[in-house]
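The file input-v2.cif comes next; it holds mmCIF, C-alpha atoms and all ligand atoms.
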```
data_final
#
loop_
_atom_site.label_atom_id
_atom_site.label_comp_id
_atom_site.auth_asym_id
_atom_site.auth_seq_id
_atom_site.Cartn_x
_atom_site.Cartn_y
_atom_site.Cartn_z
CA MET A 1 -14.00 -40.18 -133.66
CA MET A 2 -13.38 -38.20 -136.86
CA LEU A 3 -13.63 -40.54 -139.82
CA ASN A 4 -11.44 -39.96 -142.83
CA MET A 5 -13.92 -38.89 -145.59
CA SER A 6 -11.81 -40.54 -148.24
CA LEU A 7 -12.48 -43.89 -146.60
CA THR A 8 -16.20 -43.41 -146.09
CA THR A 9 -17.44 -41.37 -149.07
CA PRO A 10 -18.48 -43.51 -152.03
CA PHE A 11 -16.13 -43.24 -154.97
CA ALA A 12 -16.75 -44.98 -158.28
CA VAL A 13 -14.75 -45.81 -161.39
CA TYR A 14 -16.52 -45.97 -164.75
CA VAL A 15 -14.69 -47.81 -167.55
CA HIS A 16 -16.05 -47.36 -171.08
CA TRP A 17 -15.48 -50.08 -173.69
CA PRO A 18 -16.60 -48.46 -176.95
CA PHE A 19 -16.96 -51.42 -179.33
CA CYS A 20 -20.01 -53.39 -180.49
CA LEU A 21 -20.55 -56.18 -183.01
CA SER A 22 -23.15 -54.06 -184.81
CA LYS A 23 -24.78 -50.71 -184.22
CA CYS A 24 -28.40 -50.81 -183.03
CA PRO A 25 -30.51 -48.29 -184.96
CA TYR A 26 -31.85 -46.52 -181.84
CA CYS A 27 -28.54 -46.18 -179.97
CA ASP A 28 -26.52 -42.97 -179.68
CA PHE A 29 -24.04 -44.22 -177.09
CA ASN A 30 -20.34 -43.92 -177.89
CA SER A 31 -20.14 -47.31 -179.59
CA HIS A 32 -18.28 -48.30 -182.73
CA VAL A 33 -18.04 -51.35 -184.99
CA ARG A 34 -14.53 -52.38 -186.06
CA HIS A 35 -14.67 -55.13 -188.69
CA ASN A 36 -10.89 -55.44 -188.70
CA GLY A 37 -10.74 -56.22 -184.99
CA VAL A 38 -9.48 -54.26 -182.03
CA ASP A 39 -5.94 -54.30 -180.56
CA GLU A 40 -7.30 -55.17 -177.15
CA ALA A 41 -3.90 -55.44 -175.40
CA ARG A 42 -2.94 -51.96 -176.57
CA PHE A 43 -6.25 -50.54 -175.36
CA VAL A 44 -5.87 -52.25 -171.99
CA ARG A 45 -2.43 -50.67 -171.54
CA ALA A 46 -3.96 -47.29 -172.29
CA TYR A 47 -6.75 -47.88 -169.72
CA ALA A 48 -4.06 -48.63 -167.11
CA THR A 49 -2.24 -45.41 -168.06
CA GLU A 50 -5.41 -43.35 -167.75
CA ILE A 51 -6.26 -44.98 -164.40
CA ALA A 52 -2.80 -43.97 -163.09
CA ALA A 53 -3.37 -40.38 -164.27
CA ALA A 54 -6.80 -40.20 -162.58
CA ALA A 55 -5.39 -41.65 -159.35
CA ASP A 56 -2.69 -38.96 -159.35
CA ARG A 57 -5.42 -36.32 -159.25
CA VAL A 58 -7.59 -37.98 -156.58
CA PRO A 59 -5.25 -40.17 -154.54
CA GLY A 60 -6.20 -42.00 -151.38
CA ARG A 61 -9.82 -42.73 -152.28
CA THR A 62 -11.58 -45.99 -151.55
CA VAL A 63 -13.32 -47.43 -154.61
CA SER A 64 -16.84 -48.55 -153.71
CA SER A 65 -17.97 -49.47 -157.22
CA ILE A 66 -16.59 -50.14 -160.67
CA PHE A 67 -18.76 -50.25 -163.78
CA PHE A 68 -17.71 -51.57 -167.20
CA GLY A 69 -20.15 -49.90 -169.61
CA GLY A 70 -20.32 -49.53 -173.33
CA GLY A 71 -20.53 -50.23 -176.07
CA THR A 72 -20.30 -53.90 -175.29
CA PRO A 73 -17.79 -54.71 -172.55
CA SER A 74 -18.83 -58.37 -172.67
CA LEU A 75 -16.84 -58.54 -175.92
CA MET A 76 -13.65 -58.03 -173.89
CA GLN A 77 -11.52 -60.96 -172.91
CA PRO A 78 -11.90 -61.77 -169.20
CA ALA A 79 -8.10 -61.32 -168.91
CA SER A 80 -8.49 -57.69 -170.09
CA VAL A 81 -11.16 -57.05 -167.45
CA ALA A 82 -8.84 -58.60 -164.84
CA ALA A 83 -5.92 -56.39 -165.97
CA ILE A 84 -8.05 -53.23 -165.68
CA LEU A 85 -9.25 -54.26 -162.22
CA GLU A 86 -5.65 -54.86 -161.20
CA ALA A 87 -4.67 -51.39 -162.39
CA ILE A 88 -7.50 -49.88 -160.30
CA ALA A 89 -6.41 -51.86 -157.22
CA LYS A 90 -2.81 -50.78 -157.73
CA HIS A 91 -3.67 -47.09 -157.49
CA TRP A 92 -6.59 -46.89 -155.07
CA ARG A 93 -7.81 -48.87 -152.10
CA VAL A 94 -10.72 -51.10 -153.16
CA ALA A 95 -13.50 -51.61 -150.60
CA PRO A 96 -13.89 -55.26 -149.54
CA ASP A 97 -17.57 -55.16 -150.55
CA VAL A 98 -16.91 -53.37 -153.86
CA GLU A 99 -19.65 -53.71 -156.49
CA ILE A 100 -18.15 -54.58 -159.90
CA THR A 101 -20.70 -54.50 -162.73
CA LEU A 102 -20.18 -55.41 -166.37
CA GLU A 103 -22.70 -54.63 -169.12
CA ALA A 104 -23.29 -57.65 -171.33
CA ASN A 105 -25.18 -58.32 -174.51
CA PRO A 106 -27.21 -61.51 -174.12
CA THR A 107 -25.82 -63.59 -176.96
CA SER A 108 -24.54 -67.09 -176.37
CA VAL A 109 -20.98 -66.09 -177.31
CA GLU A 110 -20.88 -63.54 -174.54
CA ALA A 111 -22.68 -65.65 -171.95
CA ALA A 112 -19.95 -68.26 -172.47
CA ARG A 113 -17.48 -65.74 -171.00
CA PHE A 114 -19.47 -65.10 -167.81
CA ARG A 115 -17.50 -67.60 -165.75
CA GLY A 116 -14.27 -65.88 -166.82
CA PHE A 117 -15.66 -62.45 -165.87
CA ARG A 118 -16.64 -63.84 -162.47
CA ALA A 119 -13.12 -65.22 -161.98
CA ALA A 120 -11.71 -61.78 -162.93
CA GLY A 121 -13.67 -60.21 -160.06
CA VAL A 122 -16.92 -59.04 -161.65
CA ASN A 123 -19.79 -59.65 -159.20
CA ARG A 124 -22.75 -58.14 -161.03
CA VAL A 125 -23.86 -58.16 -164.68
CA SER A 126 -26.33 -55.95 -166.46
CA LEU A 127 -27.79 -57.58 -169.55
CA GLY A 128 -29.31 -55.73 -172.50
CA VAL A 129 -32.34 -57.98 -172.98
CA GLN A 130 -34.43 -55.07 -174.41
CA SER A 131 -37.50 -57.18 -175.23
CA LEU A 132 -38.92 -60.68 -174.98
CA ASP A 133 -40.64 -60.36 -178.37
CA ASP A 134 -38.62 -61.70 -181.30
CA ALA A 135 -40.22 -59.36 -183.83
CA ALA A 136 -39.45 -56.35 -181.61
CA LEU A 137 -35.85 -57.54 -181.12
CA LYS A 138 -35.46 -57.74 -184.87
CA GLU A 139 -36.85 -54.25 -185.34
CA LEU A 140 -34.45 -53.00 -182.63
CA GLY A 141 -31.59 -54.51 -184.65
CA ARG A 142 -30.60 -56.91 -181.89
CA LEU A 143 -28.41 -59.93 -182.60
CA HIS A 144 -30.17 -62.23 -180.10
CA SER A 145 -33.58 -63.86 -179.77
CA ALA A 146 -35.80 -63.69 -176.69
CA GLN A 147 -34.89 -67.27 -175.80
CA GLU A 148 -31.19 -66.56 -176.14
CA ALA A 149 -31.63 -63.58 -173.84
CA LEU A 150 -33.42 -65.69 -171.23
CA ASP A 151 -30.69 -68.33 -171.49
CA ALA A 152 -28.08 -65.63 -170.85
CA VAL A 153 -30.10 -64.43 -167.83
CA ALA A 154 -30.04 -67.99 -166.45
CA ILE A 155 -26.26 -68.20 -166.96
CA ALA A 156 -25.89 -64.81 -165.25
CA ARG A 157 -27.94 -66.04 -162.30
CA ALA A 158 -25.72 -69.12 -162.00
CA ASN A 159 -22.47 -67.12 -162.07
CA PHE A 160 -23.09 -63.84 -160.26
CA GLU A 161 -24.44 -62.83 -156.87
CA ARG A 162 -26.40 -60.05 -158.53
CA TYR A 163 -27.70 -59.35 -162.03
CA SER A 164 -29.96 -56.87 -163.75
CA PHE A 165 -31.40 -56.57 -167.21
CA ASP A 166 -32.61 -53.73 -169.40
CA LEU A 167 -35.91 -53.56 -171.24
CA ILE A 168 -37.02 -50.92 -173.72
CA TYR A 169 -40.72 -50.07 -173.82
CA ALA A 170 -42.98 -47.54 -175.57
CA ARG A 171 -41.90 -49.27 -178.77
CA PRO A 172 -43.71 -49.08 -182.12
CA ARG A 173 -47.19 -50.70 -182.05
CA GLN A 174 -46.91 -51.61 -178.37
CA SER A 175 -50.24 -51.88 -176.57
CA LEU A 176 -50.84 -51.76 -172.82
CA GLU A 177 -51.90 -55.42 -172.89
CA SER A 178 -48.86 -56.68 -174.79
CA TRP A 179 -46.45 -54.72 -172.58
CA ALA A 180 -48.14 -55.96 -169.40
CA ALA A 181 -47.75 -59.57 -170.57
CA GLU A 182 -44.12 -59.05 -171.64
CA LEU A 183 -43.20 -57.28 -168.40
CA ARG A 184 -44.82 -59.98 -166.23
CA ARG A 185 -42.88 -62.60 -168.16
CA ALA A 186 -39.67 -60.66 -167.68
CA LEU A 187 -40.31 -60.23 -163.95
CA ALA A 188 -40.43 -64.00 -163.57
CA HIS A 189 -36.73 -64.00 -164.56
CA ALA A 190 -35.69 -60.88 -162.61
CA GLY A 191 -33.06 -60.83 -159.85
CA ASP A 192 -32.75 -57.85 -157.54
CA HIS A 193 -32.73 -55.15 -160.23
CA LEU A 194 -34.37 -54.16 -163.53
CA SER A 195 -33.88 -51.11 -165.77
CA MET A 196 -36.75 -50.06 -167.98
CA TYR A 197 -36.23 -47.33 -170.54
CA GLN A 198 -38.85 -45.68 -172.71
CA LEU A 199 -37.65 -45.78 -176.31
CA THR A 200 -36.12 -42.39 -177.06
CA ILE A 201 -35.71 -41.29 -180.64
CA GLU A 202 -32.18 -39.90 -180.58
CA PRO A 203 -30.93 -37.45 -183.23
CA ASP A 204 -28.44 -38.85 -185.75
CA THR A 205 -29.66 -42.43 -185.41
CA PRO A 206 -31.38 -44.47 -188.16
CA PHE A 207 -34.54 -44.47 -185.98
CA PHE A 208 -34.55 -40.67 -186.07
CA GLY A 209 -34.70 -40.65 -189.89
CA LEU A 210 -37.38 -43.35 -189.99
CA HIS A 211 -39.42 -41.52 -187.36
CA LYS A 212 -39.17 -38.23 -189.22
CA ALA A 213 -40.28 -39.93 -192.45
CA GLY A 214 -43.32 -41.39 -190.65
CA LYS A 215 -42.03 -44.95 -191.09
CA LEU A 216 -41.53 -45.55 -187.39
CA VAL A 217 -44.46 -44.60 -185.21
CA VAL A 218 -43.99 -44.61 -181.44
CA PRO A 219 -46.72 -44.33 -178.78
CA ASN A 220 -48.04 -40.78 -178.33
CA GLU A 221 -47.58 -38.91 -175.05
CA ASP A 222 -50.81 -40.23 -173.50
CA LEU A 223 -50.08 -43.87 -174.30
CA ALA A 224 -46.44 -43.46 -173.18
CA ARG A 225 -47.70 -42.06 -169.87
CA ASP A 226 -50.13 -44.98 -169.48
CA LEU A 227 -47.32 -47.43 -170.26
CA TYR A 228 -45.18 -45.74 -167.61
CA ASP A 229 -47.97 -45.90 -164.99
CA LEU A 230 -48.64 -49.55 -165.83
CA THR A 231 -44.93 -50.34 -165.47
CA GLN A 232 -44.89 -48.77 -161.99
CA ALA A 233 -48.02 -50.64 -160.85
CA ILE A 234 -46.79 -54.05 -162.07
CA CYS A 235 -43.28 -53.60 -160.65
CA VAL A 236 -44.48 -52.40 -157.25
CA LYS A 237 -46.71 -55.47 -157.03
CA ALA A 238 -43.73 -57.68 -157.94
CA GLY A 239 -41.61 -56.16 -155.15
CA LEU A 240 -39.35 -54.09 -157.45
CA PRO A 241 -40.45 -50.47 -157.02
CA ALA A 242 -38.66 -47.68 -158.88
CA TYR A 243 -35.82 -46.14 -156.88
CA GLU A 244 -35.04 -43.93 -159.89
CA ILE A 245 -37.16 -42.95 -162.90
CA SER A 246 -36.05 -45.93 -165.02
CA ASN A 247 -34.52 -48.23 -162.41
CA HIS A 248 -36.27 -50.73 -160.19
CA ALA A 249 -34.89 -52.84 -157.36
CA ARG A 250 -35.84 -54.98 -154.46
CA PRO A 251 -34.89 -53.12 -151.27
CA GLY A 252 -31.08 -53.39 -150.99
CA GLY A 253 -30.68 -54.38 -154.66
CA GLU A 254 -30.15 -50.82 -155.92
CA CYS A 255 -27.16 -50.38 -158.24
CA ARG A 256 -24.58 -48.75 -155.97
CA HIS A 257 -22.65 -47.42 -158.92
CA ASN A 258 -25.59 -45.49 -160.32
CA LEU A 259 -26.39 -44.17 -156.84
CA VAL A 260 -22.94 -42.54 -156.85
CA TYR A 261 -24.00 -40.49 -159.91
CA TRP A 262 -27.43 -39.61 -158.63
CA ARG A 263 -26.33 -38.77 -155.09
CA GLY A 264 -23.66 -36.43 -156.43
CA HIS A 265 -20.57 -38.33 -155.30
CA ASP A 266 -17.27 -38.55 -157.19
CA TYR A 267 -16.46 -40.89 -160.06
CA ALA A 268 -13.50 -41.23 -162.39
CA GLY A 269 -14.33 -41.77 -166.09
CA ILE A 270 -11.84 -44.02 -167.88
CA GLY A 271 -11.79 -44.89 -171.60
CA PRO A 272 -13.04 -43.20 -174.79
CA GLY A 273 -15.87 -40.72 -174.25
CA ALA A 274 -16.09 -41.33 -170.49
CA HIS A 275 -17.37 -38.59 -168.21
CA GLY A 276 -16.12 -38.05 -164.66
CA ARG A 277 -16.82 -35.83 -161.66
CA LEU A 278 -13.99 -35.32 -159.18
CA THR A 279 -13.71 -33.11 -156.12
CA ILE A 280 -10.26 -31.50 -156.19
CA ASP A 281 -9.26 -28.87 -153.61
CA GLY A 282 -12.90 -28.58 -152.59
CA ARG A 283 -14.11 -27.80 -156.13
CA ARG A 284 -16.14 -30.14 -158.29
CA VAL A 285 -14.39 -30.81 -161.59
CA ALA A 286 -16.13 -32.16 -164.71
CA THR A 287 -14.01 -34.35 -166.98
CA GLU A 288 -14.61 -35.87 -170.39
CA THR A 289 -12.31 -37.83 -172.66
CA GLU A 290 -11.94 -37.99 -176.45
CA LYS A 291 -14.77 -40.08 -177.91
CA LEU A 292 -13.24 -41.69 -180.99
CA PRO A 293 -11.45 -44.83 -179.73
CA GLU A 294 -8.34 -44.56 -181.92
CA SER A 295 -7.90 -40.82 -181.22
CA TRP A 296 -8.36 -41.49 -177.50
CA LEU A 297 -5.69 -44.20 -177.71
CA MET A 298 -3.20 -41.86 -179.38
CA ARG A 299 -3.87 -39.10 -176.86
CA VAL A 300 -3.33 -41.46 -173.92
CA GLU A 301 -0.15 -42.84 -175.44
CA ALA A 302 1.18 -39.33 -176.08
CA ALA A 303 -0.09 -37.43 -173.03
CA GLY A 304 -1.03 -39.99 -170.36
CA SER A 305 -4.76 -39.33 -170.56
CA GLY A 306 -7.50 -38.82 -173.12
CA LEU A 307 -8.98 -35.76 -171.36
CA ILE A 308 -10.52 -33.15 -173.64
CA VAL A 309 -12.70 -31.48 -170.96
CA ASP A 310 -11.33 -30.71 -167.50
CA GLU A 311 -13.41 -27.93 -166.05
CA LYS A 312 -14.05 -26.56 -162.57
CA LEU A 313 -17.81 -26.18 -162.12
CA THR A 314 -19.14 -22.95 -160.63
CA ALA A 315 -21.12 -23.24 -157.39
CA GLY A 316 -24.35 -22.70 -159.37
CA GLU A 317 -23.48 -25.37 -161.94
CA ALA A 318 -22.57 -27.92 -159.24
CA ALA A 319 -25.81 -27.19 -157.37
CA ASP A 320 -28.00 -27.44 -160.48
CA GLU A 321 -26.37 -30.72 -161.39
CA PHE A 322 -26.99 -32.03 -157.88
CA LEU A 323 -30.67 -31.08 -158.26
CA LEU A 324 -30.98 -32.63 -161.71
CA MET A 325 -29.40 -35.91 -160.65
CA GLY A 326 -30.82 -36.16 -157.12
CA LEU A 327 -34.43 -35.54 -158.05
CA ARG A 328 -34.33 -38.58 -160.34
CA LEU A 329 -34.22 -40.67 -157.18
CA ALA A 330 -37.34 -41.72 -155.30
CA GLU A 331 -35.51 -40.75 -152.09
CA GLY A 332 -35.09 -37.19 -153.42
CA ILE A 333 -32.55 -34.68 -152.09
CA GLU A 334 -31.51 -33.00 -148.90
CA PRO A 335 -32.29 -29.30 -149.50
CA ALA A 336 -29.46 -28.33 -147.10
CA ARG A 337 -26.92 -29.90 -149.45
CA TYR A 338 -28.26 -27.79 -152.31
CA THR A 339 -27.84 -24.71 -150.11
CA ALA A 340 -24.30 -25.71 -149.14
CA LEU A 341 -23.37 -26.10 -152.81
CA SER A 342 -25.12 -23.04 -154.26
CA GLY A 343 -25.14 -20.63 -151.34
CA ARG A 344 -28.88 -20.10 -151.76
CA THR A 345 -32.03 -21.85 -150.60
CA LEU A 346 -34.59 -23.39 -152.91
CA ASP A 347 -37.49 -20.96 -153.39
CA PRO A 348 -40.25 -21.98 -150.91
CA LYS A 349 -42.92 -20.37 -153.11
CA ARG A 350 -41.97 -22.49 -156.10
CA ILE A 351 -41.88 -25.60 -153.93
CA ALA A 352 -45.33 -24.77 -152.59
CA ILE A 353 -46.75 -24.43 -156.12
CA LEU A 354 -45.18 -27.70 -157.26
CA ARG A 355 -46.45 -29.40 -154.11
CA GLU A 356 -49.99 -28.14 -154.79
CA GLU A 357 -49.74 -29.49 -158.33
CA GLY A 358 -48.78 -32.87 -156.82
CA ALA A 359 -45.37 -32.92 -158.55
CA VAL A 360 -43.17 -32.83 -155.41
CA GLU A 361 -43.46 -33.65 -151.73
CA THR A 362 -41.43 -33.14 -148.58
CA THR A 363 -40.74 -36.21 -146.48
CA THR A 364 -41.02 -36.29 -142.68
CA ASP A 365 -37.22 -36.10 -142.44
CA GLY A 366 -37.16 -32.95 -144.59
CA ARG A 367 -36.08 -34.40 -147.95
CA LEU A 368 -37.58 -32.99 -151.14
CA ARG A 369 -38.67 -35.55 -153.68
CA VAL A 370 -40.58 -35.81 -156.92
CA THR A 371 -43.82 -37.82 -156.75
CA LEU A 372 -44.71 -40.68 -159.06
CA SER A 373 -46.96 -38.35 -161.03
CA GLY A 374 -44.19 -35.73 -161.13
CA PHE A 375 -41.60 -38.08 -162.63
CA PRO A 376 -42.87 -37.89 -166.22
CA ILE A 377 -42.44 -34.06 -166.05
CA LEU A 378 -39.16 -34.18 -164.11
CA ASP A 379 -37.28 -31.89 -166.50
CA ALA A 380 -39.87 -29.15 -166.07
CA VAL A 381 -39.84 -29.58 -162.27
CA VAL A 382 -36.03 -29.29 -162.14
CA ALA A 383 -36.02 -26.28 -164.48
CA ASP A 384 -38.58 -24.58 -162.25
CA LEU A 385 -36.64 -25.21 -159.04
CA ALA A 386 -33.23 -24.35 -160.50
CA ALA A 387 -34.38 -21.04 -162.03
C1 LIG B 401 -24.94 -48.72 -173.13
S1 LIG B 401 -26.46 -49.39 -173.54
C2 LIG B 401 -26.20 -51.06 -173.75
C3 LIG B 401 -25.45 -52.08 -173.26
C4 LIG B 401 -25.26 -53.25 -174.22
N1 LIG B 401 -24.41 -52.89 -175.29
C5 LIG B 401 -26.56 -53.74 -174.83
O1 LIG B 401 -27.00 -53.18 -175.83
O2 LIG B 401 -27.11 -54.71 -174.31
C6 LIG B 401 -27.44 -49.36 -172.08
C7 LIG B 401 -28.92 -49.46 -172.30
O3 LIG B 401 -29.46 -48.25 -172.76
C8 LIG B 401 -30.71 -48.50 -173.33
N2 LIG B 401 -30.87 -47.65 -174.52
C9 LIG B 401 -29.93 -47.35 -175.43
N3 LIG B 401 -30.45 -46.50 -176.37
C10 LIG B 401 -31.74 -46.28 -176.02
C11 LIG B 401 -32.81 -45.50 -176.59
N4 LIG B 401 -32.65 -44.79 -177.69
N5 LIG B 401 -34.01 -45.52 -175.95
C12 LIG B 401 -34.18 -46.22 -174.81
N6 LIG B 401 -33.21 -46.98 -174.24
C13 LIG B 401 -32.02 -47.01 -174.84
C14 LIG B 401 -30.77 -49.98 -173.66
O4 LIG B 401 -31.73 -50.61 -172.85
C15 LIG B 401 -29.39 -50.45 -173.31
O5 LIG B 401 -29.38 -51.75 -172.81
S1 LIG B 402 -27.53 -50.72 -177.67
FE1 LIG B 402 -25.69 -51.75 -176.91
S2 LIG B 402 -25.13 -53.20 -178.58
FE2 LIG B 402 -26.52 -51.74 -179.47
S3 LIG B 402 -25.16 -50.21 -180.38
FE3 LIG B 402 -25.78 -49.44 -178.33
S4 LIG B 402 -24.18 -50.08 -176.99
FE4 LIG B 402 -23.95 -51.31 -178.88
#
```
What's the structure tokens form of this structure?
Ligand SMILES: C[S@@+](CC[C@H](N)C(=O)[O-])C[C@H]1O[C@@H](n2cnc3c(N)ncnc32)[C@H](O)[C@@H]1O
Ligand code: SF4
Amino acid sequence: MMLNMSLTTPFAVYVHWPFCLSKCPYCDFNSHVRHNGVDEARFVRAYATEIAAAADRVPGRTVSSIFFGGGTPSLMQPASVAAILEAIAKHWRVAPDVEITLEANPTSVEAARFRGFRAAGVNRVSLGVQSLDDAALKELGRLHSAQEALDAVAIARANFERYSFDLIYARPRQSLESWAAELRRALAHAGDHLSMYQLTIEPDTPFFGLHKAGKLVVPNEDLARDLYDLTQAICVKAGLPAYEISNHARPGGECRHNLVYWRGHDYAGIGPGAHGRLTIDGRRVATETEKLPESWLMRVEAAGSGLIVDEKLTAGEAADEFLLMGLRLAEGIEPARYTALSGRTLDPKRIAILREEGAVETTTDGRLRVTLSGFPILDAVVADLAA
């Protein structure tokens, strides 16, 4: 029996809430502080408008995952989250086992809303714990202590089927021993998923200036590599191997939403500064909305969507993107899909060289994947294969 692809192919909706209580000095996400408050009801109406516009372009899809990211979506009222979910369900079919994730900051104020988010339909939370060391949390500009974060994790566990939390490592003055102890402590509180990011010094952040002035010293390449290897060893032992460079899960606990990005499926981006990838008339289209929240709001109110980029990708661009995203996954990619997208095969000579260097391997079922030792040089591997 021919199955309707629109019912079986994963399709995700990303909703960006761009507000935070304060700006962390390392963060370059599209997040803004508004001391005079936010007209939440007006924003929610605009989200519903933009959802309707996206559904007009890709009707008939079945939503397999929804992700509220930020910024800090846990600052939203549960009723706003419910209204956005209703708008999604009004325009698309929602799969009965849909994964609905909300990113939350682990302060007590936000944890108090978890029950309301659960009632609105959220079934997974992702908490920005970042560290279990109070001094490090302070340096990262966080508004919560380690204990408060662990309390929020416990409240998440009590309210949601699934939860994850983020940690940042390769921080200033971090030793292998201190990270091993912190990570083991964190693992004792882990559910089915953990994200661990190496601290990146992003341009145009306060950390960038401090780093440039020599006032913020981060681990050098060798120590960062050792911290990465140590992270892998400890997490594998704890039953949460990496399924993507920075993401670890127990088997079956992988974040389905993120898999949509990395496996090259479609997703609609809703809200200020959201990115989307939609297949329209057989062509992959890249979308991006206005970043500044108030300008986005005015665009949506005037034109029905905040789109500022709406671009058909060339076959080469779509294929390179597939490579870049897919090789982040431990499962790797199906080379035939690359060929179908680009019209060319991956160069066997280049693959052979990378295989000899131990950076990639081919699985028994013919998938190409990056090895654990290849992950830290992933960008170079992708550049080599895509050239
Ligand atoms: C959209 S952000 C945060 C969600 C939420 N607002 C919070 O801070 O808890 C997602 C995650 O990216 C990570 N992150 C942000 N900036 C980073 C940086 N410069 N280096 C490494 N990780 C970073 C943090 O772990 C953060 O939790
Ligand atoms: S890390 Fe989270 S809380 Fe901090 S500024 Fe970025 S999005 Fe906001």
- Message: 8 Å from ligand LIG 401 (chain B) is the threshold here; counting all atoms listed in the file, which polymer residues fall inside it? Answer as an MDAnalysis selection string.
- Response: chainID A and resid 20 24 26:29 69:73 103:106 126:130 142 165:169 195:202
- Message: I'd like to know which of A:Val38, A:Ala87, A:Leu341, A:Ala242 is closest to Ala318 (chain A), using all atoms listed in the file.
- Response: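 Among A:Val38, A:Ala87, A:Leu341, A:Ala242, it is A:Leu341 that comes nearest to Ala318 (chain A).
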- Do you know which residues are at most 8 Å from Val360 (chain A) counting only C-alpha atoms, after dropping those on the same chain fewer than 2 positions away, and could you put them as an MDAnalysis selection string? chainID A and resid 351 354:355 357:358 362 368:371 374
- Task: Calculate how many Å separate CA of Ala119 (chain A) from CA of Ala82 (chain A), rounding to one decimal.
- Result: 8.4 Å
- Å distance separating CA of Asp320 (chain A) from CA of Asn30 (chain A), one decimal place: 25.2 Å
- Item | Residues within 12 Å of (-36.6, -21.8, -163.6), file coords, only C-alpha atoms, listed as a VMD selection string | chain A and resid 320 346 to 347 350 to 351 379 to 387
- Message: So that I can see what lies close to Val309 (chain A), please list as a list in words the residues with an atom at most 9 Å from it, counting all atoms listed in the file and leaving out residues fewer than 6 positions away in the same chain.
- Response: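 So the residues in contact are His275, Ala286, Thr287, Glu288, Thr289 and Glu290 of chain A.
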Neighbour list for region 95-100 of chain A as an mmCIF file with C-alpha atoms, keeping the file's coordinate frame, cut-off 9 Å, only C-alpha atoms, skip fewer than 3 positions in-chain:
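Saved result, part-v5.cif, follows:
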```cif
data_model
loop_
_atom_site.group_PDB
_atom_site.id
_atom_site.type_symbol
_atom_site.label_atom_id
_atom_site.label_comp_id
_atom_site.auth_asym_id
_atom_site.auth_seq_id
_atom_site.Cartn_x
_atom_site.Cartn_y
_atom_site.Cartn_z
ATOM 1 C CA LEU A 7 -12.480 -43.890 -146.600
ATOM 2 C CA THR A 62 -11.580 -45.990 -151.550
ATOM 3 C CA VAL A 63 -13.320 -47.430 -154.610
ATOM 4 C CA SER A 64 -16.840 -48.550 -153.710
ATOM 5 C CA SER A 65 -17.970 -49.470 -157.220
ATOM 6 C CA ILE A 66 -16.590 -50.140 -160.670
ATOM 7 C CA PHE A 67 -18.760 -50.250 -163.780
ATOM 8 C CA PHE A 68 -17.710 -51.570 -167.200
ATOM 9 C CA GLY A 121 -13.670 -60.210 -160.060
ATOM 10 C CA VAL A 122 -16.920 -59.040 -161.650
ATOM 11 C CA ASN A 123 -19.790 -59.650 -159.200
ATOM 12 C CA ARG A 124 -22.750 -58.140 -161.030
ATOM 13 C CA VAL A 125 -23.860 -58.160 -164.680
ATOM 14 C CA CYS A 255 -27.160 -50.380 -158.240
ATOM 15 C CA ARG A 256 -24.580 -48.750 -155.970
ATOM 16 C CA HIS A 257 -22.650 -47.420 -158.920
#
```
Could you give me the axis-aligned bounding box of region 278-296 of chain A, with 8 Å of padding per side, as centre plus edge lengths in Å to one decimal, as lines of an AutoDock Vina configuration file?
```
center_x = -12.0
center_y = -36.3
center_z = -167.3
size_x = 24.2
size_y = 33.0
size_z = 45.3
```
- Would you be able to write out as an MDAnalysis selection string which residues have an atom within 9 Å of (-16.4, -63.3, -165.6) in the file's coordinates, counting only C-alpha atoms? chainID A and resid 74 78 81:82 102 113:123 159:160
- Task: Return the single residue from A:Leu259, A:Leu297, A:Leu143, A:Ile245 that is closest to ligand LIG 402 (chain B), with distances computed using only C-alpha atoms and all ligand atoms.
- Result: A:Leu143
- Message: Could you check the closest approach to His193 (chain A) for each of A:Leu216, A:Ile333, A:Ala158, A:Ala238 and tell me which residue wins, using only C-alpha atoms?
- Response: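 Using only C-alpha atoms, the shortest distance to His193 (chain A) belongs to A:Ala238.
CA of Ala181 (chain A) is positioned 26.0 Å from CA of His211 (chain A).
In this comparison, which uses only C-alpha atoms, the residue of A:Thr49, A:Thr345, A:Gln77, A:Thr205 approaching Val300 (chain A) most closely is A:Thr49.
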- Identify which of the residues A:Leu187, A:Leu85, A:Leu329, A:Gly141 lies closest to Val260 (chain A), counting only C-alpha atoms when measuring atom-to-atom distances.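 Nearest candidate to Val260 (chain A) out of A:Leu187, A:Leu85, A:Leu329, A:Gly141: A:Leu329.
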Taking 4 positions as the minimum chain separation for residues in the same chain, which residues sit within 9 Å of Tyr261 (chain A) when counting all atoms listed in the file? Answer as a JSON list (two decimals) with C-alpha atoms, in the frame of the given file.
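Writing the result to selection17.json gives the following:
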```json
[["chain", "number", "residue", "atom", "x", "y", "z"],
["A", 12, "ALA", "CA", -16.75, -44.98, -158.28],
["A", 257, "HIS", "CA", -22.65, -47.42, -158.92],
["A", 265, "HIS", "CA", -20.57, -38.33, -155.30],
["A", 266, "ASP", "CA", -17.27, -38.55, -157.19],
["A", 267, "TYR", "CA", -16.46, -40.89, -160.06],
["A", 277, "ARG", "CA", -16.82, -35.83, -161.66],
["A", 325, "MET", "CA", -29.40, -35.91, -160.65],
["A", 326, "GLY", "CA", -30.82, -36.16, -157.12]]
```
- Task: Tell me which of A:Leu137, A:Val218, A:Ala249, A:Leu183 sits closest to ligand LIG 402 (chain B), counting only C-alpha atoms and all ligand atoms.
- Result: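 Of all the options, A:Leu137 lies closest to ligand LIG 402 (chain B).
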